[in-house]
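*Asks:* The following file, upload-v6.cif, comprises mmCIF, C-alpha atoms:
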```cif
data_run
#
loop_
_atom_site.label_atom_id
_atom_site.label_comp_id
_atom_site.auth_asym_id
_atom_site.auth_seq_id
_atom_site.Cartn_x
_atom_site.Cartn_y
_atom_site.Cartn_z
CA MET N 1 0.00 0.00 0.00
CA ASN N 2 1.23 3.52 -0.83
CA HIS N 3 1.14 5.63 2.26
CA PRO N 4 1.11 9.43 2.08
CA THR N 5 4.36 11.06 3.24
CA GLN N 6 4.82 12.73 6.60
CA ASN N 7 4.89 16.12 4.89
CA GLU N 8 1.53 15.40 3.28
CA TRP N 9 0.01 14.47 6.66
CA LEU N 10 1.39 17.62 8.14
CA LYS N 11 -0.09 19.72 5.39
CA TYR N 12 -3.46 18.14 6.07
CA LEU N 13 -3.10 18.67 9.79
CA ASP N 14 -2.27 22.34 9.28
CA GLY N 15 -5.30 22.78 7.02
CA GLU N 16 -3.17 23.62 4.01
CA ALA N 17 -3.90 20.66 1.78
CA SER N 18 -5.86 21.25 -1.41
CA PRO N 19 -9.36 19.73 -1.66
CA LYS N 20 -7.99 17.09 -4.03
CA GLU N 21 -5.23 16.18 -1.58
CA VAL N 22 -7.69 16.09 1.33
CA LYS N 23 -9.93 13.70 -0.58
CA HIS N 24 -7.00 11.41 -1.34
CA LEU N 25 -5.81 11.47 2.27
CA LEU N 26 -9.27 10.78 3.71
CA GLU N 27 -9.68 7.88 1.36
CA HIS N 28 -6.39 6.45 2.59
CA LEU N 29 -7.41 6.95 6.22
CA GLU N 30 -10.50 4.85 5.66
CA GLN N 31 -8.38 1.98 4.46
CA CYS N 32 -5.35 2.33 6.73
CA PRO N 33 -5.89 2.07 10.51
CA MET N 34 -2.19 2.54 11.13
CA CYS N 35 -2.09 5.97 9.48
CA ALA N 36 -5.37 6.86 11.15
CA THR N 37 -3.94 6.09 14.58
CA GLU N 38 -0.72 7.95 13.85
CA LEU N 39 -2.58 11.01 12.60
CA ALA N 40 -4.90 11.01 15.60
CA GLY N 41 -1.87 10.90 17.88
CA TRP N 42 -0.31 13.80 16.06
CA LYS N 43 -3.50 15.81 16.38
CA ARG N 44 -3.58 15.27 20.13
CA SER N 45 0.06 16.30 20.45
CA VAL N 46 -0.59 19.47 18.48
CA GLN N 47 -3.50 20.34 20.74
CA LYS N 48 -1.41 19.75 23.85
CA LEU N 49 1.35 21.94 22.52
CA GLN N 50 -1.08 24.67 21.58
CA ARG N 51 -2.74 24.84 24.95
CA MET N 52 0.43 24.81 27.04
CA PRO N 53 0.11 27.73 29.44
CA PHE N 54 2.93 30.12 30.17
CA PRO N 55 4.36 30.31 32.61
CA ALA N 56 3.60 26.78 33.55
CA PRO N 57 1.87 26.35 36.89
CA GLY N 58 4.60 26.14 39.48
CA GLU N 59 6.94 28.23 37.40
CA VAL N 60 7.54 31.42 39.23
CA ARG N 61 9.26 34.23 37.46
CA PRO N 62 12.31 35.00 39.54
CA GLY N 63 12.43 38.22 37.63
CA GLN N 64 9.79 39.82 39.87
CA ARG N 65 12.58 41.24 42.00
CA ARG N 66 14.83 42.24 39.24
CA ASP N 67 12.35 43.56 36.74
CA MET N 68 14.42 46.64 36.12
CA THR N 69 17.24 45.16 34.17
CA PRO N 70 19.89 47.50 32.80
CA VAL N 71 18.22 47.38 29.42
CA PHE N 72 14.87 48.43 30.77
CA THR N 73 16.34 51.12 33.03
CA LEU N 74 18.04 52.51 29.99
CA VAL N 75 14.80 52.30 28.08
CA LYS N 76 12.83 53.96 30.87
CA TRP N 77 15.22 56.90 31.06
CA GLY N 78 15.50 57.04 27.31
CA LEU N 79 11.75 57.19 27.02
CA ALA N 80 11.51 59.90 29.69
CA ALA N 81 14.20 61.92 27.94
CA ALA N 82 12.46 61.45 24.63
CA ILE N 83 9.16 62.71 26.08
CA VAL N 84 10.83 65.75 27.64
CA LEU N 85 12.59 66.49 24.38
CA CYS N 86 9.37 66.12 22.44
CA ALA N 87 7.57 68.44 24.85
CA GLY N 88 10.34 71.01 24.57
CA PHE N 89 10.29 70.73 20.81
CA ALA N 90 6.52 71.18 20.76
CA PHE N 91 6.76 74.34 22.84
CA GLY N 92 9.57 75.62 20.69
CA ARG N 93 7.52 75.09 17.56
CA LEU N 94 4.53 76.82 19.13
CA SER N 95 6.48 79.94 20.02
CA ALA N 96 8.24 79.87 16.68
CA MET N 97 4.97 80.35 14.87
CA HIS N 98 4.24 83.69 16.61
CA SER N 99 7.61 85.13 15.75
CA VAL N 100 7.32 84.42 12.05
CA SER N 101 5.59 87.68 11.18
CA LEU N 102 7.98 89.65 13.39
CA GLU N 103 10.88 88.07 11.58
CA ARG N 104 9.44 89.08 8.26
CA THR N 105 9.16 92.76 9.18
CA VAL N 106 12.66 92.88 10.59
CA ALA N 107 14.01 91.04 7.57
CA ALA N 108 12.46 93.51 5.17
CA ARG N 109 14.00 96.48 6.93
CA VAL N 110 17.39 94.84 7.25
CA GLN N 111 17.44 93.90 3.59
CA ASP N 112 17.27 97.52 2.37
CA ASP N 113 20.09 98.71 4.59
CA PHE N 114 22.13 95.72 3.65
CA ARG N 115 21.66 96.32 -0.04
CA ARG N 116 22.68 99.98 0.26
CA GLU N 117 25.84 99.15 2.14
CA LEU N 118 26.82 96.45 -0.28
CA ARG N 119 26.42 98.77 -3.22
CA ALA N 120 28.59 101.43 -1.56
CA ASP N 121 31.23 98.85 -0.84
CA LEU N 122 31.29 97.67 -4.41
CA LEU N 123 31.59 101.14 -5.90
CA ALA N 124 34.35 102.09 -3.48
CA ALA N 125 36.21 98.97 -4.41
CA LEU N 126 36.06 99.74 -8.08
CA ASP N 127 37.07 103.37 -7.86
CA PRO N 128 40.84 103.39 -8.26
CA GLU N 129 41.13 106.81 -6.62
CA GLN N 130 39.72 105.61 -3.28
CA GLU N 131 41.72 103.70 -0.71
CA VAL N 132 40.65 100.13 0.00
CA LYS N 133 39.00 99.91 3.40
CA ASP N 134 39.15 96.20 4.13
CA GLU N 135 39.98 92.75 2.91
CA PHE N 136 36.73 92.40 1.01
CA GLN N 137 37.31 95.59 -0.98
CA LYS N 138 40.89 94.71 -1.66
CA GLN N 139 39.87 91.33 -2.94
CA LEU N 140 37.11 92.82 -5.01
CA ARG N 141 39.39 95.39 -6.58
CA PHE N 142 42.00 92.82 -7.36
CA GLU N 143 39.41 90.62 -8.99
CA VAL N 144 38.06 93.47 -11.05
CA GLN N 145 41.49 94.61 -12.17
CA ASN N 146 42.34 91.09 -12.97
CA ALA N 147 39.27 90.86 -15.04
CA GLN N 148 40.12 94.15 -16.76
CA THR N 149 43.64 93.02 -17.50
CA LYS N 150 42.32 89.86 -18.91
CA SER N 151 39.87 91.75 -21.04
CA ASN N 152 42.62 94.15 -22.23
CA ALA N 153 44.79 91.28 -23.23
CA ARG N 154 41.94 89.87 -25.16
CA LEU N 155 41.32 93.15 -26.95
CA TYR N 156 44.97 93.46 -27.91
CA ARG N 157 44.94 89.97 -29.23
CA ASP N 158 41.87 90.66 -31.26
CA PHE N 159 43.38 93.87 -32.64
CA THR N 160 46.56 92.15 -33.63
CA GLN N 161 44.61 89.52 -35.39
CA VAL N 162 42.71 92.11 -37.33
CA VAL N 163 45.87 93.91 -38.37
CA LEU N 164 47.49 90.75 -39.54
CA GLN N 165 44.45 89.85 -41.46
CA GLN N 166 44.39 93.26 -43.09
CA ARG N 167 48.01 92.96 -44.10
CA GLN N 168 47.34 89.63 -45.62
CA GLU N 169 44.50 91.01 -47.60
CA ASP N 170 46.65 93.88 -48.88
CA GLN N 171 49.34 91.53 -49.94
CA GLN N 172 46.88 89.52 -51.88
CA ARG N 173 45.57 92.59 -53.58
CA VAL N 174 49.03 93.68 -54.61
CA LEU N 175 49.76 90.26 -55.89
CA ALA N 176 46.60 90.35 -57.91
CA LEU N 177 47.52 93.73 -59.38
CA VAL N 178 50.96 92.59 -60.34
CA THR N 179 49.56 89.54 -61.96
CA ASP N 180 47.15 91.64 -63.93
CA VAL N 181 49.92 93.92 -65.10
CA ARG N 182 52.02 91.05 -66.23
CA GLU N 183 49.19 89.50 -68.11
CA GLN N 184 48.56 92.79 -69.78
CA GLN N 185 52.19 93.03 -70.79
CA ILE N 186 52.06 89.62 -72.27
CA THR N 187 48.96 90.47 -74.17
CA ASP N 188 50.53 93.68 -75.46
CA CYS N 189 53.66 91.87 -76.57
CA LEU N 190 51.68 89.35 -78.44
CA ALA N 191 49.75 92.06 -80.21
CA LEU N 192 52.93 93.91 -81.14
CA ARG N 193 54.42 90.78 -82.58
CA ARG N 194 51.36 90.21 -84.62
CA ASP N 195 51.53 93.72 -85.94
CA LEU N 196 55.16 93.33 -86.83
CA GLU N 197 54.53 90.13 -88.62
CA THR N 198 51.80 91.74 -90.55
CA ALA N 199 54.05 94.64 -91.42
CA VAL N 200 56.81 92.28 -92.46
CA SER N 201 54.56 90.30 -94.64
CA MET N 202 53.19 93.47 -96.18
CA ALA N 203 56.68 94.78 -96.72
CA ASP N 204 57.62 91.51 -98.21
CA SER N 205 54.80 91.57 -100.66
CA ASP N 206 55.63 95.20 -101.48
CA LEU N 207 59.18 94.28 -102.15
CA ARG N 208 58.17 91.48 -104.44
CA GLN N 209 55.90 93.73 -106.27
CA ASN N 210 58.63 96.32 -106.66
CA ARG N 211 61.04 93.72 -107.87
CA ARG N 212 58.52 92.68 -110.45
CA GLN N 213 58.01 96.20 -111.46
CA ILE N 214 61.72 96.76 -111.65
CA THR N 215 62.12 93.62 -113.78
CA GLN N 216 59.38 94.78 -116.04
CA LEU N 217 60.98 98.15 -116.41
CA THR N 218 64.37 96.66 -117.11
CA ASP N 219 62.87 94.41 -119.75
CA THR N 220 61.15 97.36 -121.28
CA LEU N 221 64.37 99.36 -121.23
CA LEU N 222 66.32 96.62 -122.90
CA THR N 223 63.74 96.24 -125.59
CA VAL N 224 63.79 99.95 -126.32
CA GLN N 225 67.60 100.00 -126.68
CA LYS N 226 67.55 97.39 -129.39
CA MET Q 1 -3.91 67.29 18.44
CA GLY Q 2 -2.62 68.61 15.17
CA LYS Q 3 0.51 70.04 16.70
CA MET Q 4 1.20 66.96 18.79
CA SER Q 5 0.43 64.52 16.01
CA PHE Q 6 4.10 64.03 15.26
CA LEU Q 7 4.23 62.04 18.49
CA MET Q 8 1.82 59.44 17.12
CA PRO Q 9 4.40 57.46 15.14
CA LEU Q 10 6.30 56.91 18.35
CA PHE Q 11 3.47 54.79 19.63
CA SER Q 12 2.36 52.83 16.63
CA MET Q 13 5.43 52.07 14.58
CA SER Q 14 5.97 48.81 12.82
CA ASP Q 15 8.89 46.68 13.97
CA GLU Q 16 10.87 47.64 10.91
CA GLN Q 17 10.20 51.36 11.40
CA ALA Q 18 11.25 51.12 15.03
CA MET Q 19 14.39 49.24 14.06
CA TRP Q 20 15.18 51.91 11.50
CA ARG Q 21 15.10 54.54 14.21
CA VAL Q 22 17.25 52.40 16.47
CA GLN Q 23 19.76 51.90 13.68
CA MET Q 24 19.90 55.51 12.59
CA THR Q 25 19.58 57.43 15.81
CA ASP Q 26 19.99 54.90 18.64
CA ASP Q 27 16.41 55.76 19.51
CA HIS Q 28 15.89 54.24 22.95
CA ALA Q 29 12.15 54.82 22.92
CA ALA Q 30 11.77 52.87 19.69
CA PHE Q 31 13.97 50.11 21.06
CA GLY Q 32 11.89 50.02 24.20
CA GLN Q 33 8.80 49.55 22.07
CA LEU Q 34 10.36 46.55 20.37
CA VAL Q 35 11.32 45.06 23.71
CA GLN Q 36 7.85 45.54 25.12
CA ARG Q 37 6.28 43.95 22.10
CA TRP Q 38 8.54 40.93 21.89
CA GLU Q 39 9.84 40.12 25.33
CA GLN Q 40 7.06 37.69 26.21
CA PRO Q 41 7.25 35.56 23.04
CA ILE Q 42 11.04 35.46 23.29
CA LEU Q 43 10.86 34.55 26.95
CA ARG Q 44 8.44 31.74 26.12
CA LEU Q 45 10.70 30.39 23.42
CA CYS Q 46 13.75 30.46 25.66
CA ALA Q 47 11.88 28.86 28.54
CA ARG Q 48 10.62 26.01 26.39
CA MET Q 49 13.97 25.49 24.76
CA SER Q 50 16.00 25.56 27.96
CA GLY Q 51 13.46 24.17 30.39
CA SER Q 52 14.32 26.83 32.94
CA LEU Q 53 12.58 30.10 33.49
CA GLN Q 54 15.63 31.53 35.21
CA GLN Q 55 17.76 30.66 32.22
CA ALA Q 56 15.09 32.00 29.93
CA GLU Q 57 15.29 35.42 31.57
CA ASP Q 58 19.04 35.52 30.97
CA LEU Q 59 18.65 34.35 27.41
CA LYS Q 60 15.96 36.92 26.73
CA GLN Q 61 18.16 39.65 28.15
CA GLU Q 62 21.06 38.50 26.03
CA THR Q 63 18.84 38.42 22.96
CA PHE Q 64 17.74 42.02 23.23
CA THR Q 65 21.21 43.18 24.16
CA ARG Q 66 22.51 41.50 21.06
CA ILE Q 67 19.77 43.05 18.96
CA PHE Q 68 20.85 46.48 20.12
CA VAL Q 69 24.56 45.84 19.83
CA ARG Q 70 24.16 44.41 16.35
CA ARG Q 71 21.53 46.89 15.23
CA LYS Q 72 23.58 47.88 12.20
CA ASP Q 73 23.42 44.29 10.98
CA PHE Q 74 19.68 44.35 10.46
CA ARG Q 75 18.93 44.71 6.78
CA GLN Q 76 15.96 46.95 6.08
CA GLY Q 77 13.57 45.13 3.81
CA CYS Q 78 13.81 41.97 5.89
CA LYS Q 79 11.33 41.06 8.58
CA PHE Q 80 12.47 42.10 12.03
CA SER Q 81 10.77 39.24 13.84
CA THR Q 82 12.55 36.64 11.69
CA TRP Q 83 15.89 38.13 12.69
CA LEU Q 84 14.83 38.34 16.33
CA TRP Q 85 13.65 34.74 16.53
CA ARG Q 86 16.84 33.59 14.87
CA ILE Q 87 19.07 35.40 17.33
CA ALA Q 88 17.10 34.10 20.31
CA LEU Q 89 17.13 30.55 18.98
CA ASN Q 90 20.86 30.60 18.32
CA LEU Q 91 21.48 31.80 21.86
CA CYS Q 92 19.34 28.93 23.14
CA TYR Q 93 21.32 26.44 21.05
CA ASP Q 94 24.59 27.87 22.35
CA GLU Q 95 23.40 27.53 25.93
CA LEU Q 96 22.19 23.97 25.38
CA ARG Q 97 25.48 22.99 23.77
CA LYS Q 98 27.37 24.53 26.67
CA ARG Q 99 25.28 22.51 29.06
CA GLN Q 100 25.98 19.37 27.11
CA ARG Q 101 29.71 20.00 27.20
CA ARG Q 102 29.58 20.59 30.91
CA GLY Q 103 28.00 17.18 31.18
CA GLU Q 104 24.84 18.45 32.78
CA SER Q 105 21.75 16.38 32.17
CA PRO Q 106 19.01 18.09 30.23
CA LEU Q 107 16.70 19.87 32.61
CA GLU Q 108 13.28 18.32 32.83
CA GLY Q 109 10.43 20.26 34.20
CA GLU Q 110 12.53 22.33 36.57
CA ILE Q 111 10.41 24.10 39.11
CA GLU Q 112 11.92 27.03 40.91
CA GLU Q 113 11.13 28.81 44.10
CA GLY Q 114 7.46 28.10 44.07
CA GLY Q 115 8.13 24.65 45.37
CA ASP Q 116 6.42 21.56 44.17
CA ALA Q 117 3.59 22.07 41.73
CA ARG Q 118 1.25 19.87 43.70
CA GLU Q 119 1.74 21.94 46.87
CA HIS Q 120 0.51 25.00 45.05
CA ALA Q 121 -2.36 23.15 43.60
CA SER Q 122 -3.53 21.94 46.97
CA GLU Q 123 -3.72 25.47 48.40
CA GLU Q 124 -6.73 26.17 46.25
CA PRO Q 125 -9.82 24.20 45.49
CA SER Q 126 -8.58 21.99 42.70
CA PRO Q 127 -11.07 20.40 40.40
CA ASP Q 128 -9.87 17.37 38.51
CA SER Q 129 -9.58 19.24 35.28
CA ARG Q 130 -7.12 21.69 36.77
CA LEU Q 131 -4.97 18.94 38.14
CA ALA Q 132 -5.19 17.16 34.88
CA SER Q 133 -4.10 20.15 32.89
CA LEU Q 134 -1.29 20.73 35.36
CA GLU Q 135 -0.14 17.20 34.85
CA GLU Q 136 -0.47 17.47 31.12
CA CYS Q 137 1.52 20.69 31.06
CA GLU Q 138 4.33 19.06 32.96
CA LEU Q 139 4.25 16.06 30.69
CA VAL Q 140 4.44 18.18 27.57
CA ARG Q 141 7.24 20.32 28.96
CA GLY Q 142 9.18 17.23 29.87
CA ALA Q 143 8.56 15.58 26.54
CA LEU Q 144 9.70 18.67 24.69
CA LEU Q 145 12.95 18.71 26.61
CA ARG Q 146 13.64 15.12 25.68
CA LEU Q 147 13.46 15.91 21.98
CA PRO Q 148 16.59 16.82 20.05
CA ASP Q 149 17.14 20.59 20.12
CA ALA Q 150 16.30 21.13 16.46
CA HIS Q 151 12.99 19.28 16.66
CA ARG Q 152 12.03 21.00 19.87
CA ALA Q 153 12.66 24.35 18.22
CA VAL Q 154 10.40 23.73 15.25
CA LEU Q 155 7.56 22.37 17.38
CA VAL Q 156 7.72 25.33 19.75
CA LEU Q 157 7.82 27.82 16.90
CA ARG Q 158 5.03 26.11 14.97
CA TYR Q 159 2.53 25.10 17.65
CA CYS Q 160 3.38 27.17 20.71
CA GLU Q 161 4.14 30.41 18.93
CA GLY Q 162 1.91 29.76 15.93
CA LEU Q 163 4.45 30.70 13.27
CA LYS Q 164 3.81 29.68 9.68
CA LEU Q 165 6.00 27.15 7.93
CA ARG Q 166 7.38 29.85 5.63
CA GLU Q 167 8.60 31.96 8.52
CA ILE Q 168 10.10 29.00 10.35
CA ALA Q 169 12.01 28.11 7.18
CA ASP Q 170 13.26 31.72 6.95
CA ILE Q 171 14.34 31.79 10.59
CA LEU Q 172 16.27 28.55 10.30
CA GLU Q 173 17.47 29.39 6.80
CA ILE Q 174 16.39 26.04 5.44
CA PRO Q 175 13.95 25.07 2.67
CA GLU Q 176 10.28 24.74 3.56
CA THR Q 177 10.30 21.03 2.82
CA THR Q 178 13.14 20.50 5.29
CA ALA Q 179 11.29 22.49 7.93
CA SER Q 180 8.16 20.49 7.24
CA SER Q 181 10.02 17.19 7.59
CA ARG Q 182 11.58 18.32 10.81
CA ILE Q 183 8.20 19.23 12.25
CA ALA Q 184 6.70 15.93 11.15
CA VAL Q 185 9.52 13.95 12.75
CA GLY Q 186 9.22 16.07 15.88
CA LEU Q 187 5.49 15.43 16.09
CA ALA Q 188 5.97 11.72 15.62
CA GLN Q 189 8.58 11.66 18.38
CA ILE Q 190 6.62 13.72 20.88
CA THR Q 191 3.51 11.67 20.27
CA ARG Q 192 5.45 8.59 21.27
CA LEU Q 193 6.79 10.32 24.35
CA LEU Q 194 3.37 11.54 25.41
CA GLU Q 195 1.51 8.34 24.60
CA PRO Q 196 3.76 5.42 25.42
CA GLN Q 197 1.36 2.97 23.81
CA PHE Q 198 2.54 4.35 20.53
CA ASP Q 199 5.78 2.48 20.96
CA GLU Q 200 3.83 -0.58 20.09
CA ILE Q 201 3.24 0.77 16.64
CA LYS Q 202 6.39 -0.01 14.78
CA GLY Q 203 7.95 3.30 13.77
CA LYS Q 204 6.61 3.12 10.30
CA VAL Q 205 7.39 5.58 7.61
CA CYS Q 206 4.11 7.06 6.48
#
```
Take the structure in this file and express it as structure tokens.

*Replies:*
Amino acid sequence: MNHPTQNEWLKYLDGEASPKEVKHLLEHLEQCPMCATELAGWKRSVQKLQRMPFPAPGEVRPGQRRDMTPVFTLVKWGLAAAIVLCAGFAFGRLSAMHSVSLERTVAARVQDDFRRELRADLLAALDPEQEVKDEFQKQLRFEVQNAQTKSNARLYRDFTQVVLQQRQEDQQRVLALVTDVREQQITDCLALRRDLETAVSMADSDLRQNRRQITQLTDTLLTVQK
Amino acid sequence: MGKMSFLMPLFSMSDEQAMWRVQMTDDHAAFGQLVQRWEQPILRLCARMSGSLQQAEDLKQETFTRIFVRRKDFRQGCKFSTWLWRIALNLCYDELRKRQRRGESPLEGEIEEGGDAREHASEEPSPDSRLASLEECELVRGALLRLPDAHRAVLVLRYCEGLKLREIADILEIPETTASSRIAVGLAQITRLLEPQFDEIKGKVC
């Protein structure tokens, strides 16, 4: 016979078996007196364990005399301190709420004066004529001068850049002009050569014509002499 | 009430919230709340594990001291009670092992100061049922102490303290099936101790 495992019995005992499991287990119980007895015994043991009183009759807590152990003394004083602190805090918070509006009025008045003073300080610091009054002004002036120096350096750098750029541009322009001039010269030369060639060829053809004419004349002359 | 309402959390914090305050600010009030809430269950566990109320007081003290000393070890997000039970149980095991090494016999139904149980009982009108339950209580206590430490622990946690299987498994850091087996074996054993006629049934594996 296949008996259910101890874990399965326990699940049933604890009421955590599924309906299907319960059915299977109950069926087995009907057929197996041994398991039935065992399970019944377990049930009784569980009940005995569950109803064990504490402390057991006859057990006397010796702690009645020493119920204030160091831990609990600490806790008692800690709790008292905590309550006092909380009370003090509560009172503090209560009084704090009344002074809020007072604070606001005072703050407003203080702010204006403060602003005026700060402005005066700043202006004094920046005016090179005036003597520095304190560390703050000295620092401020130094910072401002530093900033000015830095900005001057930047300006100079920018200016230099511009000048260089300008020079470059000029150079390029000059170069362009020179190039133009040269090209023009070349063009002119070419034209002159062409003219000369034309003149030469014209002269050449003139010469030929003259020679012919001269030949003709000579022939004519010779014929007349005969 | 509105202005004082910030005091409310002090009196109705969860264990984990209280422990947070203890960890962060050494809040003694919060710690005191934890002690108040848990001292009885821990005392019960220690008494049933050790068999001695006197010893149980010491063990309980030690448990809460350790909780405070090791407060930084508690990981938020975990259940405080699991950690607490575990610390208490380990202290009980340590004590029991020490006793074993000293060669002392396991205490059985030790009765202190109040004298014999029956003397007390006879001072008052004692119906049979009361005597019977007295006897039964003694029997169960004795039987528990005769179990191996590990089986005693799971039975006490499960049936005396009413913890679920899941939590017992977490406390002991074992799988649920292992915890379940241990309980089953413990039940089988204690049944035989409480009802001697069971010895006649051959220890069969169900």

*Asks:* Care to translate the PyMOL selection byres ((chain Q and resi 40) around 12) into actual residues of this file, as a list in words?

*Replies:*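 Applying the PyMOL selection byres ((chain Q and resi 40) around 12) to the structure shown produces Phe54, Pro55 and Arg61 of chain N; Leu34, Val35, Gln36, Arg37, Trp38, Glu39, Pro41, Ile42, Leu43, Arg44, Leu45, Cys46, Ala47, Leu53, Ala56, Glu57, Lys60, Gln61, Phe64 and Glu161 of chain Q.
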
*Asks:* Translate the PyMOL selection byres ((chain N) within 7 of (chain Q)) into a concrete residue list for this structure, as a list of chain:residue names.

*Replies:*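 Evaluating the PyMOL selection byres ((chain N) within 7 of (chain Q)) on these coordinates yields N:His3, N:Pro4, N:Thr5, N:Gln6, N:Asn7, N:Leu10, N:Cys35, N:Gly41, N:Trp42, N:Ser45, N:Val46, N:Leu49, N:Gln50, N:Met52, N:Ala56, N:Pro57, N:Gly58, N:Glu59, N:Val60, N:Arg61, N:Pro62, N:Val75, N:Gly78, N:Leu79, N:Ala82.
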
*Asks:* One decimal, in Å: what's the spacing between CA of Leu26 in chain N and CA of Arg51 in chain N?

*Replies:* 26.3 Å

*Asks:* With the file shown as input, list the residues that the PyMOL selection byres ((chain Q and resi 167) around 10) selects, as JSON, numbers by chain.

*Replies:* {"Q": [79, 81, 82, 85, 157, 158, 163, 164, 165, 166, 168, 169, 170, 171, 172, 173, 176, 179]}

*Asks:* Atoms to include: C-alpha atoms. Write the selected residues as a tab-separated table (two decimals), in the frame of the given file.

*Replies:*
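After the write, part.tsv holds the following:
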```tsv
chain	number	residue	atom	x	y	z
Q	79	LYS	CA	11.33	41.06	8.58
Q	81	SER	CA	10.77	39.24	13.84
Q	82	THR	CA	12.55	36.64	11.69
Q	85	TRP	CA	13.65	34.74	16.53
Q	157	LEU	CA	7.82	27.82	16.90
Q	158	ARG	CA	5.03	26.11	14.97
Q	163	LEU	CA	4.45	30.70	13.27
Q	164	LYS	CA	3.81	29.68	9.68
Q	165	LEU	CA	6.00	27.15	7.93
Q	166	ARG	CA	7.38	29.85	5.63
Q	168	ILE	CA	10.10	29.00	10.35
Q	169	ALA	CA	12.01	28.11	7.18
Q	170	ASP	CA	13.26	31.72	6.95
Q	171	ILE	CA	14.34	31.79	10.59
Q	172	LEU	CA	16.27	28.55	10.30
Q	173	GLU	CA	17.47	29.39	6.80
Q	176	GLU	CA	10.28	24.74	3.56
Q	179	ALA	CA	11.29	22.49	7.93
```

*Asks:* One number please: CA of Lys150 in chain N to CA of Leu123 in chain N, in Å, one decimal.

*Replies:*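 Separation between CA of Lys150 in chain N and CA of Leu123 in chain N: 20.3 Å.
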
*Asks:* With a distance cut-off of 12 Å and all atoms listed in the file, select the neighbouring residues of Leu29 in chain N, excluding the residue or stretch itself and same-chain residues fewer than 2 positions from it, and output the selection as a PyMOL selection string.

*Replies:* (chain N and resi 1-4+9+12+22-27+31-40) or (chain Q and resi 206)

*Asks:* Would you mind reading off the distance between CA of Ile87 in chain Q and CA of Arg70 in chain Q, one decimal, in Å?

*Replies:*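 For CA of Ile87 in chain Q relative to CA of Arg70 in chain Q, the distance reads 10.4 Å.
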